[in-house]
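Coordinates from coords.txt are shown below (compact mmCIF, C-alpha atoms and all ligand atoms).
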```
# COMPACT_ATOMS: atom_id res chain seq x y z
CA MET A 48 23.36 13.59 -16.62
CA GLY A 49 20.80 14.12 -13.83
CA TYR A 50 19.47 11.64 -11.31
CA GLN A 51 19.79 8.00 -12.37
CA VAL A 52 18.65 4.73 -10.76
CA ASP A 53 20.25 1.28 -10.81
CA SER A 54 18.77 -0.97 -13.49
CA TYR A 55 18.75 -4.32 -11.67
CA LEU A 56 15.01 -4.18 -10.93
CA LYS A 57 14.04 -3.34 -14.55
CA GLY A 58 11.44 -5.75 -15.89
CA ARG A 59 10.27 -6.98 -12.48
CA ASP A 60 6.61 -7.06 -11.51
CA PHE A 61 5.53 -5.28 -8.32
CA ILE A 62 2.87 -7.60 -6.95
CA SER A 63 3.89 -8.17 -3.35
CA ILE A 64 6.57 -6.71 -1.08
CA HIS A 65 7.31 -10.33 -0.16
CA ASP A 66 8.79 -10.82 -3.68
CA PHE A 67 11.57 -8.30 -2.99
CA THR A 68 14.66 -8.82 -0.85
CA VAL A 69 15.39 -6.76 2.25
CA GLU A 70 17.99 -4.81 0.23
CA GLU A 71 15.62 -4.26 -2.69
CA VAL A 72 12.91 -2.86 -0.40
CA ALA A 73 15.49 -0.55 1.18
CA TYR A 74 16.55 0.60 -2.30
CA ILE A 75 12.96 1.32 -3.39
CA LEU A 76 12.56 3.45 -0.26
CA GLN A 77 15.83 5.26 -0.90
CA VAL A 78 14.73 6.11 -4.45
CA ALA A 79 11.38 7.34 -3.09
CA VAL A 80 13.26 9.63 -0.66
CA ASP A 81 15.47 10.91 -3.50
CA LEU A 82 12.59 11.51 -5.91
CA LYS A 83 10.60 13.34 -3.24
CA SER A 84 13.55 15.61 -2.56
CA LEU A 85 14.07 16.32 -6.28
CA GLN A 86 10.38 17.06 -6.74
CA LYS A 87 10.33 19.43 -3.74
CA LYS A 88 13.37 21.25 -5.16
CA LYS A 89 11.69 21.35 -8.58
CA ILE A 90 14.63 19.50 -10.16
CA ALA A 91 13.46 17.58 -13.23
CA HIS A 92 13.96 13.80 -13.14
CA PRO A 93 12.62 12.44 -16.45
CA LEU A 94 13.50 8.79 -15.83
CA LEU A 95 10.63 7.40 -17.95
CA THR A 96 10.60 9.71 -20.95
CA GLY A 97 8.42 8.32 -23.72
CA LYS A 98 7.06 5.46 -21.59
CA THR A 99 3.41 4.67 -21.03
CA LEU A 100 1.60 3.03 -18.11
CA ALA A 101 -1.86 1.46 -18.59
CA MET A 102 -3.94 1.64 -15.41
CA ILE A 103 -6.83 -0.81 -15.10
CA PHE A 104 -9.20 0.07 -12.27
CA GLN A 105 -11.92 -2.46 -11.44
CA LYS A 106 -12.54 -0.64 -8.14
CA ALA A 107 -12.73 3.05 -7.22
CA SER A 108 -9.62 5.05 -6.37
CA THR A 109 -8.56 8.59 -5.54
CA ARG A 110 -5.00 8.34 -4.23
CA THR A 111 -3.69 5.42 -6.26
CA ARG A 112 -4.97 6.76 -9.56
CA VAL A 113 -3.79 10.31 -9.00
CA ALA A 114 -0.41 9.21 -7.65
CA PHE A 115 0.30 6.98 -10.65
CA GLU A 116 -0.98 9.46 -13.20
CA VAL A 117 0.78 12.50 -11.76
CA GLY A 118 3.86 10.43 -10.98
CA MET A 119 4.14 9.20 -14.54
CA TYR A 120 3.82 12.77 -15.82
CA GLN A 121 6.57 13.96 -13.46
CA LEU A 122 8.81 11.15 -14.71
CA GLY A 123 8.33 12.28 -18.31
CA GLY A 124 5.92 9.50 -19.31
CA HIS A 125 2.21 9.11 -19.79
CA ALA A 126 -0.51 7.15 -17.93
CA LEU A 127 -3.80 5.91 -19.35
CA PHE A 128 -6.82 5.40 -17.08
CA LEU A 129 -8.83 2.35 -18.14
CA SER A 130 -12.11 1.83 -16.29
CA PRO A 131 -14.17 -1.35 -16.65
CA ARG A 132 -16.97 0.76 -18.13
CA ASP A 133 -14.76 1.70 -21.04
CA ILE A 134 -12.57 -1.29 -21.83
CA GLN A 135 -13.59 -4.70 -23.15
CA LEU A 136 -12.44 -6.42 -19.95
CA GLY A 137 -15.71 -5.13 -18.48
CA ARG A 138 -17.62 -6.92 -21.26
CA GLY A 139 -15.90 -10.23 -20.73
CA GLU A 140 -12.64 -10.07 -22.71
CA THR A 141 -10.20 -12.21 -20.76
CA ILE A 142 -7.35 -10.99 -18.60
CA TYR A 143 -5.00 -13.02 -20.80
CA ASP A 144 -6.13 -11.36 -24.04
CA THR A 145 -6.12 -7.92 -22.42
CA ALA A 146 -2.56 -8.48 -21.21
CA ARG A 147 -1.39 -9.70 -24.62
CA VAL A 148 -2.79 -6.60 -26.31
CA LEU A 149 -1.60 -4.04 -23.78
CA THR A 150 1.86 -5.56 -23.66
CA ARG A 151 2.34 -4.61 -27.34
CA MET A 152 1.54 -0.95 -26.77
CA VAL A 153 2.55 0.10 -23.26
CA ASP A 154 5.62 -0.22 -21.04
CA GLY A 155 3.87 -1.15 -17.81
CA ILE A 156 0.43 -2.18 -16.54
CA MET A 157 -1.07 -1.27 -13.18
CA ILE A 158 -4.17 -3.12 -12.07
CA ARG A 159 -6.57 -2.67 -9.15
CA THR A 160 -8.99 -5.54 -8.91
CA PHE A 161 -10.77 -8.00 -6.63
CA GLU A 162 -9.14 -11.42 -6.90
CA HIS A 163 -5.41 -11.53 -6.40
CA ALA A 164 -5.22 -14.40 -8.89
CA GLU A 165 -6.19 -11.97 -11.67
CA VAL A 166 -3.06 -9.92 -11.07
CA LEU A 167 -0.93 -13.06 -11.14
CA GLU A 168 -2.61 -14.11 -14.38
CA LEU A 169 -2.07 -10.69 -15.91
CA ALA A 170 1.60 -10.82 -14.94
CA ARG A 171 2.01 -14.28 -16.46
CA ALA A 172 0.50 -13.14 -19.77
CA SER A 173 2.26 -9.79 -19.92
CA PHE A 174 5.76 -9.08 -21.23
CA VAL A 175 5.87 -5.70 -19.50
CA PRO A 176 6.01 -5.14 -15.72
CA VAL A 177 2.74 -5.43 -13.82
CA ILE A 178 2.02 -3.38 -10.69
CA ASN A 179 -0.54 -4.45 -8.11
CA GLY A 180 -2.62 -1.36 -7.32
CA LEU A 181 -4.68 -3.29 -4.71
CA THR A 182 -6.41 -6.63 -4.58
CA ASP A 183 -8.60 -8.21 -1.90
CA LEU A 184 -5.38 -9.81 -0.60
CA LEU A 185 -2.66 -7.13 -0.81
CA HIS A 186 -1.99 -3.42 -1.22
CA PRO A 187 1.77 -3.18 -1.66
CA THR A 188 2.15 0.27 -3.25
CA GLN A 189 0.32 1.69 -0.23
CA VAL A 190 2.85 0.23 2.14
CA ILE A 191 5.89 1.64 0.32
CA GLY A 192 4.34 5.09 0.87
CA ASP A 193 3.61 4.19 4.49
CA LEU A 194 7.20 3.08 5.15
CA LEU A 195 8.43 6.32 3.61
CA THR A 196 6.13 8.28 5.94
CA ILE A 197 7.28 6.37 9.02
CA LEU A 198 10.93 6.76 8.00
CA GLU A 199 10.53 10.52 7.64
CA HIS A 200 9.08 10.83 11.13
CA LYS A 201 11.13 8.25 13.00
CA LYS A 202 14.42 8.39 11.03
CA GLU A 203 14.92 4.62 11.27
CA LEU A 204 12.50 1.72 10.79
CA LYS A 205 14.28 -1.16 12.49
CA GLY A 206 13.08 -1.78 16.04
CA LEU A 207 9.98 0.43 15.88
CA LYS A 208 6.66 -0.91 17.13
CA LEU A 209 3.73 -0.61 14.72
CA ALA A 210 0.25 -1.50 15.94
CA PHE A 211 -2.41 -2.17 13.32
CA VAL A 212 -5.86 -2.02 14.88
CA GLY A 213 -8.81 -3.38 12.93
CA ASP A 214 -9.62 -5.72 10.07
CA GLY A 215 -6.87 -8.17 9.04
CA ASN A 216 -7.26 -7.04 5.43
CA ASN A 217 -5.20 -6.32 2.29
CA VAL A 218 -3.48 -3.34 3.90
CA ALA A 219 -2.69 -5.31 7.07
CA HIS A 220 -1.23 -8.10 4.93
CA SER A 221 1.07 -5.80 2.98
CA LEU A 222 2.07 -4.03 6.20
CA LEU A 223 3.11 -7.41 7.61
CA PHE A 224 5.46 -7.87 4.65
CA GLY A 225 6.66 -4.26 4.82
CA ALA A 226 7.36 -4.51 8.55
CA ALA A 227 9.07 -7.87 8.20
CA LYS A 228 11.35 -6.63 5.41
CA THR A 229 12.41 -3.52 7.32
CA GLY A 230 12.76 -4.85 10.87
CA ILE A 231 9.66 -3.15 12.28
CA ASN A 232 7.93 -5.08 15.06
CA MET A 233 4.27 -5.31 14.19
CA VAL A 234 1.25 -6.23 16.28
CA ILE A 235 -2.18 -6.65 14.74
CA ALA A 236 -5.25 -6.42 16.97
CA SER A 237 -8.40 -7.72 15.29
CA PRO A 238 -11.73 -9.07 16.53
CA GLY A 239 -12.03 -12.89 16.48
CA GLY A 240 -12.66 -14.09 12.93
CA TYR A 241 -11.15 -10.97 11.31
CA GLU A 242 -7.48 -11.78 11.84
CA PRO A 243 -5.04 -11.67 8.89
CA ASP A 244 -4.68 -14.67 6.61
CA PRO A 245 -2.45 -17.26 8.37
CA ALA A 246 -0.69 -18.06 5.06
CA ILE A 247 0.36 -14.40 4.72
CA LEU A 248 1.51 -14.32 8.33
CA GLU A 249 3.61 -17.43 7.77
CA LYS A 250 5.32 -15.93 4.71
CA ALA A 251 5.88 -12.64 6.53
CA ARG A 252 7.48 -14.55 9.40
CA GLU A 253 9.98 -16.05 6.93
CA ASP A 254 10.93 -12.49 5.97
CA ALA A 255 10.97 -11.41 9.61
CA ALA A 256 13.50 -14.10 10.45
CA LEU A 257 15.98 -12.23 8.23
CA THR A 258 15.57 -8.85 9.92
CA GLY A 259 14.72 -9.80 13.51
CA SER A 260 11.24 -8.28 13.21
CA GLN A 261 8.62 -9.66 15.62
CA LEU A 262 5.10 -10.17 14.27
CA SER A 263 2.15 -10.96 16.50
CA ILE A 264 -1.62 -11.16 16.39
CA LEU A 265 -3.73 -10.16 19.39
CA SER A 266 -7.39 -9.59 20.13
CA ASP A 267 -6.88 -6.77 22.66
CA PRO A 268 -6.39 -3.34 21.03
CA TRP A 269 -5.15 -1.81 24.32
CA GLU A 270 -2.37 -4.32 24.64
CA ALA A 271 -1.50 -3.93 20.95
CA VAL A 272 -1.00 -0.17 21.10
CA LYS A 273 0.96 -0.19 24.36
CA ASP A 274 4.13 1.87 23.77
CA ALA A 275 3.62 1.71 20.00
CA ASP A 276 5.52 4.21 17.84
CA VAL A 277 3.04 3.93 14.98
CA ILE A 278 -0.71 3.28 15.12
CA TYR A 279 -2.38 2.23 11.89
CA THR A 280 -5.99 1.61 11.06
CA ASP A 281 -8.16 1.07 8.00
CA VAL A 282 -11.85 0.69 7.22
CA TRP A 283 -13.67 -2.21 8.86
CA SER A 284 -15.23 -3.23 5.53
CA SER A 285 -13.08 -3.07 2.42
CA MET A 286 -14.27 -2.39 -1.12
CA GLY A 287 -16.41 -5.22 -2.39
CA GLN A 288 -17.08 -6.49 1.15
CA GLU A 289 -19.58 -3.87 2.26
CA GLU A 290 -22.71 -6.03 2.28
CA ASP A 291 -22.27 -7.20 5.90
CA ALA A 292 -20.78 -3.89 7.08
CA ALA A 293 -23.49 -3.11 9.64
CA GLU A 294 -23.28 -6.52 11.26
CA LYS A 295 -19.49 -6.38 11.25
CA GLU A 296 -19.44 -3.00 12.97
CA GLU A 297 -20.61 -4.47 16.28
CA HIS A 298 -17.49 -6.63 16.48
CA PHE A 299 -15.23 -3.69 15.79
CA LEU A 300 -16.52 -1.05 18.22
CA LYS A 301 -13.71 -1.45 20.73
CA PHE A 302 -11.17 -1.32 17.87
CA GLN A 303 -11.81 2.34 17.14
CA VAL A 304 -8.68 4.50 17.13
CA ASN A 305 -9.73 7.31 19.46
CA ARG A 306 -8.07 9.55 22.02
CA HIS A 307 -8.29 6.94 24.81
CA LEU A 308 -6.67 4.22 22.76
CA LEU A 309 -3.98 6.59 21.52
CA SER A 310 -3.09 7.55 25.11
CA HIS A 311 -1.69 4.04 25.59
CA ALA A 312 0.82 4.43 22.77
CA ALA A 313 4.19 6.20 23.02
CA THR A 314 3.68 9.94 23.57
CA ASP A 315 5.31 10.70 20.21
CA ALA A 316 3.39 7.98 18.35
CA ILE A 317 2.18 8.85 14.85
CA VAL A 318 -1.17 7.76 13.43
CA LEU A 319 -1.54 6.41 9.91
CA HIS A 320 -4.58 5.45 7.85
CA CYS A 321 -4.37 4.47 4.19
CA LEU A 322 -7.61 6.41 3.50
CA PRO A 323 -10.40 6.68 2.54
CA ALA A 324 -11.53 6.74 6.19
CA LYS A 325 -14.97 6.26 7.64
CA ARG A 326 -14.67 9.05 10.18
CA GLY A 327 -16.41 8.23 13.45
CA LYS A 328 -16.07 4.49 12.80
CA GLU A 329 -12.50 3.12 12.78
CA ILE A 330 -11.00 6.54 13.61
CA THR A 331 -12.41 9.62 15.33
CA ASP A 332 -12.20 13.13 13.85
CA GLU A 333 -10.22 14.12 16.92
CA VAL A 334 -7.43 11.66 16.15
CA MET A 335 -7.53 12.02 12.38
CA ASP A 336 -7.29 15.81 12.58
CA GLY A 337 -5.10 15.79 15.70
CA PRO A 338 -1.40 16.57 16.11
CA GLN A 339 -0.26 12.94 15.93
CA SER A 340 -1.99 12.21 12.63
CA VAL A 341 0.17 12.06 9.50
CA VAL A 342 -2.53 10.69 7.20
CA PHE A 343 -2.34 13.42 4.58
CA GLU A 344 1.46 13.30 4.35
CA GLU A 345 1.00 9.56 4.04
CA ALA A 346 -1.37 10.12 1.12
CA GLU A 347 1.12 12.45 -0.57
CA ASN A 348 3.85 9.89 -0.13
CA ARG A 349 1.97 7.54 -2.42
CA LEU A 350 3.11 9.84 -5.23
CA HIS A 351 6.79 9.56 -4.34
CA ALA A 352 6.54 5.83 -3.62
CA HIS A 353 4.81 5.07 -6.91
CA LYS A 354 7.38 7.08 -8.82
CA ALA A 355 10.16 5.05 -7.23
CA ILE A 356 8.46 1.78 -8.09
CA MET A 357 7.85 2.81 -11.72
CA ALA A 358 11.30 4.32 -12.21
CA LEU A 359 12.91 1.11 -10.98
CA ILE A 360 10.90 -1.57 -12.74
CA MET A 361 9.82 0.10 -16.00
N1 LIG B 401 -5.27 4.34 -0.07
C1 LIG B 401 -5.72 4.16 -1.33
O1 LIG B 401 -5.32 3.24 -2.05
O2 LIG B 401 -6.62 5.08 -1.73
P1 LIG B 401 -7.51 5.03 -3.05
O3 LIG B 401 -8.49 3.89 -2.89
O4 LIG B 401 -8.19 6.36 -3.10
O5 LIG B 401 -6.61 4.80 -4.23
N1 LIG B 402 -8.78 -2.02 2.76
C1 LIG B 402 -9.28 -0.96 1.91
C2 LIG B 402 -8.16 -0.13 1.39
C3 LIG B 402 -8.57 0.99 0.48
C4 LIG B 402 -7.42 1.76 -0.05
C5 LIG B 402 -10.07 -1.56 0.75
O1 LIG B 402 -9.62 -2.56 0.20
O2 LIG B 402 -11.14 -1.05 0.44
```
So, in terms of structure tokens, how does the structure I just supplied come out?
Amino acid sequence: MGYQVDSYLKGRDFISIHDFTVEEVAYILQVAVDLKSLQKKKIAHPLLTGKTLAMIFQKASTRTRVAFEVGMYQLGGHALFLSPRDIQLGRGETIYDTARVLTRMVDGIMIRTFEHAEVLELARASFVPVINGLTDLLHPTQVIGDLLTILEHKKELKGLKLAFVGDGNNVAHSLLFGAAKTGINMVIASPGGYEPDPAILEKAREDAALTGSQLSILSDPWEAVKDADVIYTDVWSSMGQEEDAAEKEEHFLKFQVNRHLLSHAATDAIVLHCLPAKRGKEITDEVMDGPQSVVFEEAENRLHAHKAIMALIM
């Protein structure tokens, strides 16, 4: 019979980790662990034979695209890359019409775009599951891979301290939800004016109340990383927000993840970065290529995480 997954998440959209219960997030992670192990042992797991995923990319991608495309292949299905240059969405066809058409031909739609509202609109118009492959607000598939990476290194998530140092962006937002759902204590250190969205923090705190996770926002990176088990950073200017990058950089200089900052964390702390990195800006080469960095394992884990998400909802 081979490896099977429970069907209770079939048909669900994957737009935010906040939309899933504590148990559902734990199950997604368990399936990611299982699928990774099967893949490493070269045991076939064709859970999506004959199924097709449409992937709409309005922004660039290396990891997300490759992880979905390869993941779909490994699950026995097929993925289609749709860039704005090639599809009519780029010429002004509406999200609604695009969704109505795709829904008749494919079994799932992944979208990476700017406005989060577009993903919500796509999901409303679509009869097949929609996966958020990154918006300006959230990056949930990233965080499933990140949680898998942390779990592999630390064996248990609950009670860990994760320090996110940098811009309170899409990745920081999804990490807040991921931490809250799994009982990780998370501290974000951002320069004034670049803190995470208070509405996201409020929702994450609702989730945190269920797991006992503590979430806090600071402006001092040294205090944030003190005794942390996991240090996380991301670019200071996200895709689509690069125009004021130079000006922004001045505010972020003391938020660089370098050897000095890392020395304040736990001695066995691991360093994560969703990538792509601007080496020498938010993270030094020394840390990124150093013994505590797990950034490339983290990138690989996108594959296993995406497979779990697709296998469960499609
Ligand atoms: N981390 C991440 O989403 O990478 P890509 O932009 O390359 O997909
Ligand atoms: N915050 C970054 C993440 C890239 C994967 C961005 O949105 O550009």
Using all atoms listed in the file, I'd like a table of the residues in chain A that come within 12 Å of ligand LIG 402 (chain B); for each, show the closest atom pair and its distance in Å rounded to one decimal, ordered by chain and ascending number, as a Markdown table.
```
| residue | atom | partner | partner_atom | distance |
| --- | --- | --- | --- | --- |
| A:Gln105 | CA | B:LIG402 | O1 | 11.9 |
| A:Lys106 | CA | B:LIG402 | O2 | 8.7 |
| A:Ala107 | CA | B:LIG402 | O2 | 8.8 |
| A:Ser108 | CA | B:LIG402 | C4 | 7.5 |
| A:Thr109 | CA | B:LIG402 | C4 | 8.8 |
| A:Arg110 | CA | B:LIG402 | C4 | 8.2 |
| A:Thr111 | CA | B:LIG402 | C4 | 8.1 |
| A:Arg112 | CA | B:LIG402 | C4 | 11.0 |
| A:Arg159 | CA | B:LIG402 | O1 | 9.8 |
| A:Thr160 | CA | B:LIG402 | O1 | 9.6 |
| A:Phe161 | CA | B:LIG402 | O1 | 8.8 |
| A:Glu162 | CA | B:LIG402 | O1 | 11.4 |
| A:His163 | CA | B:LIG402 | O1 | 11.9 |
| A:Gly180 | CA | B:LIG402 | C4 | 9.3 |
| A:Leu181 | CA | B:LIG402 | O1 | 7.0 |
| A:Thr182 | CA | B:LIG402 | O1 | 7.1 |
| A:Asp183 | CA | B:LIG402 | O1 | 6.1 |
| A:Leu184 | CA | B:LIG402 | O1 | 8.4 |
| A:Leu185 | CA | B:LIG402 | O1 | 8.4 |
| A:His186 | CA | B:LIG402 | C2 | 7.5 |
| A:Pro187 | CA | B:LIG402 | C4 | 10.6 |
| A:Thr188 | CA | B:LIG402 | C4 | 10.2 |
| A:Gln189 | CA | B:LIG402 | C4 | 7.7 |
| A:Val190 | CA | B:LIG402 | C4 | 10.6 |
| A:Gly213 | CA | B:LIG402 | N1 | 10.3 |
| A:Asp214 | CA | B:LIG402 | N1 | 8.2 |
| A:Gly215 | CA | B:LIG402 | N1 | 9.0 |
| A:Asn216 | CA | B:LIG402 | N1 | 5.9 |
| A:Asn217 | CA | B:LIG402 | N1 | 5.6 |
| A:Val218 | CA | B:LIG402 | N1 | 5.6 |
| A:Ala219 | CA | B:LIG402 | N1 | 8.2 |
| A:His220 | CA | B:LIG402 | N1 | 9.9 |
| A:Ser221 | CA | B:LIG402 | N1 | 10.6 |
| A:Leu222 | CA | B:LIG402 | N1 | 11.6 |
| A:Tyr279 | CA | B:LIG402 | N1 | 11.9 |
| A:Thr280 | CA | B:LIG402 | N1 | 9.5 |
| A:Asp281 | CA | B:LIG402 | N1 | 6.1 |
| A:Val282 | CA | B:LIG402 | N1 | 6.1 |
| A:Trp283 | CA | B:LIG402 | N1 | 7.8 |
| A:Ser284 | CA | B:LIG402 | O2 | 6.9 |
| A:Ser285 | CA | B:LIG402 | O2 | 3.4 |
| A:Met286 | CA | B:LIG402 | O2 | 3.7 |
| A:Gly287 | CA | B:LIG402 | O2 | 7.3 |
| A:Gln288 | CA | B:LIG402 | O2 | 8.1 |
| A:Glu289 | CA | B:LIG402 | O2 | 9.1 |
| A:His320 | CA | B:LIG402 | C4 | 9.2 |
| A:Cys321 | CA | B:LIG402 | C4 | 5.9 |
| A:Leu322 | CA | B:LIG402 | C4 | 5.9 |
| A:Pro323 | CA | B:LIG402 | C4 | 6.3 |
| A:Ala324 | CA | B:LIG402 | C3 | 8.6 |
| A:Lys325 | CA | B:LIG402 | C1 | 10.8 |
| A:Glu329 | CA | B:LIG402 | N1 | 11.9 |
| A:Ala346 | CA | B:LIG402 | C4 | 10.4 |
| A:Arg349 | CA | B:LIG402 | C4 | 11.3 |
```
For those residues, write C-alpha atoms to a file as a CSV table (one decimal), in the coordinates of the input.
```csv
chain,number,residue,atom,x,y,z
A,105,GLN,CA,-11.9,-2.5,-11.4
A,106,LYS,CA,-12.5,-0.6,-8.1
A,107,ALA,CA,-12.7,3.0,-7.2
A,108,SER,CA,-9.6,5.0,-6.4
A,109,THR,CA,-8.6,8.6,-5.5
A,110,ARG,CA,-5.0,8.3,-4.2
A,111,THR,CA,-3.7,5.4,-6.3
A,112,ARG,CA,-5.0,6.8,-9.6
A,159,ARG,CA,-6.6,-2.7,-9.2
A,160,THR,CA,-9.0,-5.5,-8.9
A,161,PHE,CA,-10.8,-8.0,-6.6
A,162,GLU,CA,-9.1,-11.4,-6.9
A,163,HIS,CA,-5.4,-11.5,-6.4
A,180,GLY,CA,-2.6,-1.4,-7.3
A,181,LEU,CA,-4.7,-3.3,-4.7
A,182,THR,CA,-6.4,-6.6,-4.6
A,183,ASP,CA,-8.6,-8.2,-1.9
A,184,LEU,CA,-5.4,-9.8,-0.6
A,185,LEU,CA,-2.7,-7.1,-0.8
A,186,HIS,CA,-2.0,-3.4,-1.2
A,187,PRO,CA,1.8,-3.2,-1.7
A,188,THR,CA,2.2,0.3,-3.2
A,189,GLN,CA,0.3,1.7,-0.2
A,190,VAL,CA,2.8,0.2,2.1
A,213,GLY,CA,-8.8,-3.4,12.9
A,214,ASP,CA,-9.6,-5.7,10.1
A,215,GLY,CA,-6.9,-8.2,9.0
A,216,ASN,CA,-7.3,-7.0,5.4
A,217,ASN,CA,-5.2,-6.3,2.3
A,218,VAL,CA,-3.5,-3.3,3.9
A,219,ALA,CA,-2.7,-5.3,7.1
A,220,HIS,CA,-1.2,-8.1,4.9
A,221,SER,CA,1.1,-5.8,3.0
A,222,LEU,CA,2.1,-4.0,6.2
A,279,TYR,CA,-2.4,2.2,11.9
A,280,THR,CA,-6.0,1.6,11.1
A,281,ASP,CA,-8.2,1.1,8.0
A,282,VAL,CA,-11.8,0.7,7.2
A,283,TRP,CA,-13.7,-2.2,8.9
A,284,SER,CA,-15.2,-3.2,5.5
A,285,SER,CA,-13.1,-3.1,2.4
A,286,MET,CA,-14.3,-2.4,-1.1
A,287,GLY,CA,-16.4,-5.2,-2.4
A,288,GLN,CA,-17.1,-6.5,1.2
A,289,GLU,CA,-19.6,-3.9,2.3
A,320,HIS,CA,-4.6,5.4,7.8
A,321,CYS,CA,-4.4,4.5,4.2
A,322,LEU,CA,-7.6,6.4,3.5
A,323,PRO,CA,-10.4,6.7,2.5
A,324,ALA,CA,-11.5,6.7,6.2
A,325,LYS,CA,-15.0,6.3,7.6
A,329,GLU,CA,-12.5,3.1,12.8
A,346,ALA,CA,-1.4,10.1,1.1
A,349,ARG,CA,2.0,7.5,-2.4
```
Between atom CA of A:Gly58 and atom CA of A:Leu198, what distance in Å does the model show, to one decimal?
27.0 Å
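Closest approach to ligand LIG 401 (chain B) among A:Asp81, A:Asp53, A:Asp193, A:Asp60 is made by A:Asp193 (distances from all atoms listed in the file).
The interatomic distance for the pair atom CA of A:Thr145 and atom CA of A:Ile191 works out to 27.4 Å.
As for atom CA of A:Lys87 and atom CA of A:Phe61, they are spaced 25.6 Å apart.
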